[in-house]
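Okay, so here's the structure we're looking at.
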Amino acid sequence: MLTGYDHLLFLFGVVFLLSTFKDVAKFVTVFTIGHCITLIFATYFKITWNYYLIDAIIALSVMYKAFDNNGGFQKYLDMKSPNLLVAVFGFGLLHGFGLSTRLQQLPLGDDPLAMLWRILSFNVGVELGQIAALVVMVSLLAVWRRRASFKRFSYVANLGLFYAGVYLLFMQLHGYQHDTAPDSFRFPAAEHRHAHEDMDSENATDASRNDL
């Protein structure tokens, strides 16, 4: 969870303007219920999709929340913001599906009870990580909210959040294109290295050592 940047960025956007513990608890609970539903059921019933595309849509959820926090619906679309509680629940379902696609890449076994136990254990780990991250986020925001700089820079902070979502979106779309059409890339190796290429090189080295 602590390395799930898209997930944490969305949560940061959700709690950014929430000033009471009651509101934080309400929205985080709704989000948690949403992602628990899809994480557990999609994994157990082996419902999956391309994880690059799912993560690209999750990046859109980060952009959505930043846009909403800066009053984008009112300024640019001349309309009220959609119901935030419903939106957070819907995005929770999406984030849970994203977590599920990653979890399904791991060996979960064939025994239904054992598999369910592993899924639930993973879900508990996700919740603990989420709680730890939220404690830090809410604490820092509570301190910052008391300062005059909060009003001056909250717009800039959410603008940065929006562009972080844009970056994640293009990164995931790039990963999807590379995954589905690797031959379409013709960049020099020194300028276009990927983690999986490094892994292939390491695996080849290990194999040659074993042969020796």
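Going through the structure tokens in order, the chains are called A, B, and so on, while each chain numbers its residues from 1 and the ligands are numbered from 1 in the order shown.
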Neighbours of A:Asn50 within 12 Å (only C-alpha atoms; same-chain residues fewer than 4 positions away dropped), as a short mmCIF file (atom, residue, chain, number, x, y, z; two decimals) with C-alpha atoms, in the first residue's frame?
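Once written, part-v7.cif looks like this:
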```cif
data_model
loop_
_atom_site.label_atom_id
_atom_site.label_comp_id
_atom_site.auth_asym_id
_atom_site.auth_seq_id
_atom_site.Cartn_x
_atom_site.Cartn_y
_atom_site.Cartn_z
CA ILE A 54 -7.06 -0.22 -14.79
CA ASP A 55 -4.22 1.84 -13.33
CA ALA A 56 -4.72 4.41 -16.09
CA ILE A 57 -8.36 4.80 -15.04
CA PHE A 97 -10.19 -3.94 -8.81
CA GLY A 98 -6.75 -2.50 -9.50
CA LEU A 99 -5.38 -4.09 -6.33
CA SER A 100 -7.03 -7.36 -7.32
CA THR A 101 -5.31 -7.49 -10.71
CA ARG A 102 -1.95 -7.16 -8.95
CA GLN A 104 -3.87 -12.24 -8.97
CA GLN A 105 -0.34 -12.22 -10.37
CA GLN A 172 0.29 3.56 -17.55
CA LEU A 173 -0.81 4.12 -21.15
CA GLY A 175 3.16 0.66 -20.26
CA TYR A 176 0.02 -0.69 -21.96
CA GLN A 177 1.31 0.21 -25.41
CA ASP A 179 2.98 -4.45 -23.32
CA THR A 180 0.71 -4.93 -26.34
#
```
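Once A:Phe21 and its same-chain neighbours fewer than 6 positions away are set aside, Val15, Phe27, Val28, Thr29, Leu134, Val135, Val138, Ser139 and Ala142 of chain A remain within 12 Å of it when counting only C-alpha atoms.
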Which neighbours of A:Phe41 fall inside 10 Å, counting only C-alpha atoms, when residues of the same chain fewer than 4 positions from it are skipped, and could you give them as an mmCIF file with C-alpha atoms, in the first residue's frame?
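around_3.cif was written with the following content:
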```cif
data_model
loop_
_atom_site.group_PDB
_atom_site.id
_atom_site.type_symbol
_atom_site.label_atom_id
_atom_site.label_comp_id
_atom_site.auth_asym_id
_atom_site.auth_seq_id
_atom_site.Cartn_x
_atom_site.Cartn_y
_atom_site.Cartn_z
ATOM 1 C CA CYS A 36 -12.739 -4.304 -0.203
ATOM 2 C CA ILE A 37 -15.721 -5.499 -2.266
ATOM 3 C CA PHE A 45 -13.680 -15.365 -8.682
ATOM 4 C CA LYS A 46 -10.614 -14.566 -10.830
ATOM 5 C CA ILE A 47 -12.167 -11.569 -12.573
ATOM 6 C CA GLY A 96 -10.045 -2.439 -5.322
ATOM 7 C CA PHE A 97 -10.191 -3.943 -8.805
ATOM 8 C CA SER A 100 -7.028 -7.357 -7.321
ATOM 9 C CA LEU A 116 -9.780 -16.853 0.614
ATOM 10 C CA ILE A 119 -6.987 -12.678 -0.008
#
```
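If only C-alpha atoms are the atoms counted, then among A:Ala157, A:Ala25, A:Leu108, A:Ala148 the closest residue to A:Leu85 is A:Ala25.
If you look at atom CA of A:Asn69 and atom CA of A:Leu141, they are 14.3 Å away from each other.
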Exercise. Apply DSSP to the backbone of this structure and, from stretch 53-209 of chain A, keep only the residues in helix (DSSP H, G or I); write these as a VMD selection string.
Key: chain A and resid 53 to 69 72 to 76 84 to 103 112 to 145 149 to 180 182 to 184 195 to 209
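Each of A:Leu169, A:Ile40, A:Ile33, A:Leu93 was checked against A:Leu120 using only C-alpha atoms; the smallest atom-to-atom distance is that of A:Ile40.
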Practice problem: List the neighbours of A:Gln130 out to 10 Å using only C-alpha atoms; skip same-chain residues closer than 5 positions along the sequence, and give me the result as a PyMOL selection string. | Solution: chain A and resi 1-2+4+7-8+11+28+32+124-125+135
Practice problem: Rounded to one decimal place, report the atom CA of A:Gly109-atom CA of A:Tyr5 distance in Å. | Solution: 28.1 Å
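With only C-alpha atoms as the atoms that count, the minimum distance from A:His178 to the choices A:Ala114, A:Pro107, A:Tyr52, A:Lys151 is reached by A:Tyr52.
Each of A:Leu84, A:Ala133, A:Val156, A:Met171 was compared to A:Asp23 using only C-alpha atoms, and A:Leu84 turns out to be the nearest.
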Tell me which protein, DNA and RNA residues are within 8 Å of stretch 70-78 of chain A, counting only C-alpha atoms, leaving out same-chain ones fewer than 3 positions away, and put them as a compact mmCIF listing (two decimals) with C-alpha atoms, in the first residue's frame.
```txt
# COMPACT_ATOMS: atom_id res chain seq x y z
CA ALA A 66 -7.91 17.39 -7.73
CA PHE A 67 -10.22 19.01 -10.31
CA SER A 81 -19.92 18.81 -8.03
CA TYR A 155 -5.03 25.56 -5.18
CA ASN A 158 -4.28 20.37 -5.94
CA LEU A 159 -2.98 21.55 -9.28
```
Taking 6 positions as the minimum chain separation for residues in the same chain, which residues sit within 9 Å of A:His95 when counting only C-alpha atoms? Answer as a PDB file with N, CA and C atoms, in the first residue's frame.
```pdb
ATOM      1  N   ASP A   6      -0.729   5.896  -6.737  1.00  0.00           N
ATOM      2  CA  ASP A   6      -2.018   6.365  -7.238  1.00  0.00           C
ATOM      3  C   ASP A   6      -3.096   6.270  -6.160  1.00  0.00           C
ATOM      4  N   HIS A   7      -3.086   5.183  -5.414  1.00  0.00           N
ATOM      5  CA  HIS A   7      -4.052   4.972  -4.333  1.00  0.00           C
ATOM      6  C   HIS A   7      -3.897   6.041  -3.250  1.00  0.00           C
ATOM      7  N   PHE A  31     -14.919   4.581   1.028  1.00  0.00           N
ATOM      8  CA  PHE A  31     -13.873   4.186   0.074  1.00  0.00           C
ATOM      9  C   PHE A  31     -13.365   2.784   0.393  1.00  0.00           C
ATOM     10  N   GLY A  34     -15.789   0.094  -0.621  1.00  0.00           N
ATOM     11  CA  GLY A  34     -15.751  -0.082  -2.076  1.00  0.00           C
ATOM     12  C   GLY A  34     -14.584  -0.930  -2.525  1.00  0.00           C
ATOM     13  N   HIS A  35     -13.379  -0.599  -2.057  1.00  0.00           N
ATOM     14  CA  HIS A  35     -12.238  -1.362  -2.573  1.00  0.00           C
ATOM     15  C   HIS A  35     -12.132  -2.751  -1.948  1.00  0.00           C
ATOM     16  N   THR A  38     -14.453  -5.179  -4.306  1.00  0.00           N
ATOM     17  CA  THR A  38     -13.871  -5.661  -5.565  1.00  0.00           C
ATOM     18  C   THR A  38     -12.560  -6.415  -5.340  1.00  0.00           C
ATOM     19  N   LEU A  39     -11.791  -6.012  -4.356  1.00  0.00           N
ATOM     20  CA  LEU A  39     -10.543  -6.732  -4.084  1.00  0.00           C
ATOM     21  C   LEU A  39     -10.824  -8.187  -3.741  1.00  0.00           C
ATOM     22  N   ILE A  54      -6.407  -0.500 -16.066  1.00  0.00           N
ATOM     23  CA  ILE A  54      -7.062  -0.222 -14.792  1.00  0.00           C
ATOM     24  C   ILE A  54      -6.326   0.889 -14.046  1.00  0.00           C
ATOM     25  N   ASP A  55      -5.000   0.808 -14.017  1.00  0.00           N
ATOM     26  CA  ASP A  55      -4.224   1.838 -13.330  1.00  0.00           C
ATOM     27  C   ASP A  55      -4.324   3.178 -14.040  1.00  0.00           C
ATOM     28  N   ILE A  58      -7.477   4.579 -12.779  1.00  0.00           N
ATOM     29  CA  ILE A  58      -7.247   5.020 -11.402  1.00  0.00           C
ATOM     30  C   ILE A  58      -6.541   6.379 -11.399  1.00  0.00           C
TER      31      ILE A  58
END
```
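Distance-wise, atom CA of A:Thr20 and atom CA of A:Val143 end up 12.9 Å apart.
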